[in-house]
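J.: Once you've had a glance at the structure underneath, I'll fire off some questions.
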Amino acid sequence: MAKSTNQKAKILYLEKILQGTDETHPCTMQEILGRLQEYGISAERKSIYDDMEVLRSFGMDIKFKRGKSTGYYVTGQKAATEALADGVREERSQTAAVEIPEAADAAEMPPVQKNSRPDWLLPFSDSEDDKPVKLLYSSKRKDEITEALGNRAQYKEKESGTFTAAFYAEETPQFFGWLAGLGRDAVIVKPKKAVQAYRDYLKGILKEYK
């Protein structure tokens, strides 16, 4: 099915939505997805995270905060908008200068690289209101956890041969489901709010088996 014009311009609509935010008026992921729906655009969380990374590369200072007002917001919007506009103009000029062949052999096309980052994994935040999740895990889960979290976590090796990973995550059933799959080999150490939320998640599952 062909994508609509609005669908192709998703990143521009996302930029427009974020321009209306600030630290006291952030926008949650659900609100972003809802606003995009109003423009006739359907999107998944993972694609929004990828688009945010692109916008950051063009100078938009997109941050995430937790607390009474949780969500994404932009600082220094004027400079960010100018940088984004310059980047788009530069990309268009480079695209126009490239001669596009009429057809290409399918065998010569490079494979599509899929982003394997989980939907619940968030970018780093420098807001004092944001508390990273600290995960303590055994060495036999090291490769699995490193593959899932990638460069969005800070890792440390403990003297006991265990490891810790600090990262930002949305406390969603998907996140807790991933954590439950690690069994006793990984536990949340901090923050207390995340520990309690995970306990509640597990209790909710146990109720179904009484």
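Just so we're on the same page: first chain in the structure tokens is A, next is B, and so on; residues restart at 1 for each chain, and ligands are numbered from 1 in the order they show up.
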Hey, what's within 8 Å of A:Ser42 if we count only C-alpha atoms and toss same-chain stuff fewer than 6 positions away? As a list in words, please?
T.: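 The contact residues come out as Gln7, Leu33 and Leu36 of chain A.
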J.: May I have the selected residues written with C-alpha atoms, as a CSV table (one decimal), in the first residue's frame?
T.:
```
chain,number,residue,atom,x,y,z
A,7,GLN,CA,3.2,9.6,6.1
A,33,LEU,CA,1.4,9.3,18.5
A,36,LEU,CA,0.5,12.2,14.4
```
J.: Within 9 Å of stretch 116-136 of chain A, which residues of stretch 161-206 of chain A come that close, and what is the closest atom pair and distance in Å for each? Count only C-alpha atoms and give it as a tab-separated table.
T.:
```
residue	atom	partner	partner_atom	distance
A:Thr162	CA	A:Leu136	CA	7.1
A:Phe163	CA	A:Leu136	CA	5.8
A:Thr164	CA	A:Leu136	CA	4.5
A:Ala165	CA	A:Leu135	CA	5.1
A:Ala166	CA	A:Lys134	CA	4.5
A:Phe167	CA	A:Pro132	CA	5.1
A:Tyr168	CA	A:Pro132	CA	4.7
A:Ala169	CA	A:Leu121	CA	4.7
A:Glu170	CA	A:Trp120	CA	5.0
A:Glu171	CA	A:Trp120	CA	7.4
A:Thr172	CA	A:Trp120	CA	6.9
A:Gln174	CA	A:Trp120	CA	7.0
A:Phe175	CA	A:Trp120	CA	5.9
A:Asp185	CA	A:Leu136	CA	8.2
A:Ala186	CA	A:Leu136	CA	5.5
A:Val187	CA	A:Leu136	CA	5.4
A:Ile188	CA	A:Leu135	CA	4.7
A:Val189	CA	A:Lys134	CA	5.5
A:Lys190	CA	A:Lys134	CA	5.1
A:Pro191	CA	A:Val133	CA	6.1
A:Ala194	CA	A:Val133	CA	7.3
```
J.: Print the selection's residues with C-alpha atoms to a file, as a PDB file, in the first residue's frame.
T.:
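And here's out_1.pdb as it stands now:
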```
ATOM      1  CA  THR A 162      28.416  -9.603  38.203  1.00  0.00           C
ATOM      2  CA  PHE A 163      27.603  -6.545  36.114  1.00  0.00           C
ATOM      3  CA  THR A 164      25.425  -3.459  36.308  1.00  0.00           C
ATOM      4  CA  ALA A 165      23.778  -1.474  33.539  1.00  0.00           C
ATOM      5  CA  ALA A 166      22.261   1.983  33.988  1.00  0.00           C
ATOM      6  CA  PHE A 167      19.743   3.100  31.371  1.00  0.00           C
ATOM      7  CA  TYR A 168      16.476   4.963  30.908  1.00  0.00           C
ATOM      8  CA  ALA A 169      13.347   2.960  30.200  1.00  0.00           C
ATOM      9  CA  GLU A 170       9.601   3.358  30.047  1.00  0.00           C
ATOM     10  CA  GLU A 171       7.980   1.216  32.715  1.00  0.00           C
ATOM     11  CA  THR A 172       5.776  -0.688  30.303  1.00  0.00           C
ATOM     12  CA  GLN A 174       6.994  -4.861  27.333  1.00  0.00           C
ATOM     13  CA  PHE A 175       9.947  -3.761  29.465  1.00  0.00           C
ATOM     14  CA  ASP A 185      19.799 -13.652  36.538  1.00  0.00           C
ATOM     15  CA  ALA A 186      18.858  -9.961  36.525  1.00  0.00           C
ATOM     16  CA  VAL A 187      17.233  -7.709  39.127  1.00  0.00           C
ATOM     17  CA  ILE A 188      16.329  -4.030  39.271  1.00  0.00           C
ATOM     18  CA  VAL A 189      18.327  -2.304  42.005  1.00  0.00           C
ATOM     19  CA  LYS A 190      17.181   1.290  41.493  1.00  0.00           C
ATOM     20  CA  PRO A 191      15.059   3.372  41.505  1.00  0.00           C
ATOM     21  CA  ALA A 194      10.762   0.947  39.186  1.00  0.00           C
TER      22      ALA A 194
END
```
J.: What is the atom CA of A:Gln19-atom CA of A:Tyr73 distance in Å, reported with one decimal?
T.: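 So the two atoms, atom CA of A:Gln19 and atom CA of A:Tyr73, lie 8.0 Å apart.
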J.: List every residue of stretch 148-182 of chain A that DSSP, applied to the backbone, labels as helix (DSSP H, G or I), and write the result as a PyMOL selection string.
T.: chain A and resi 148-152+173-181
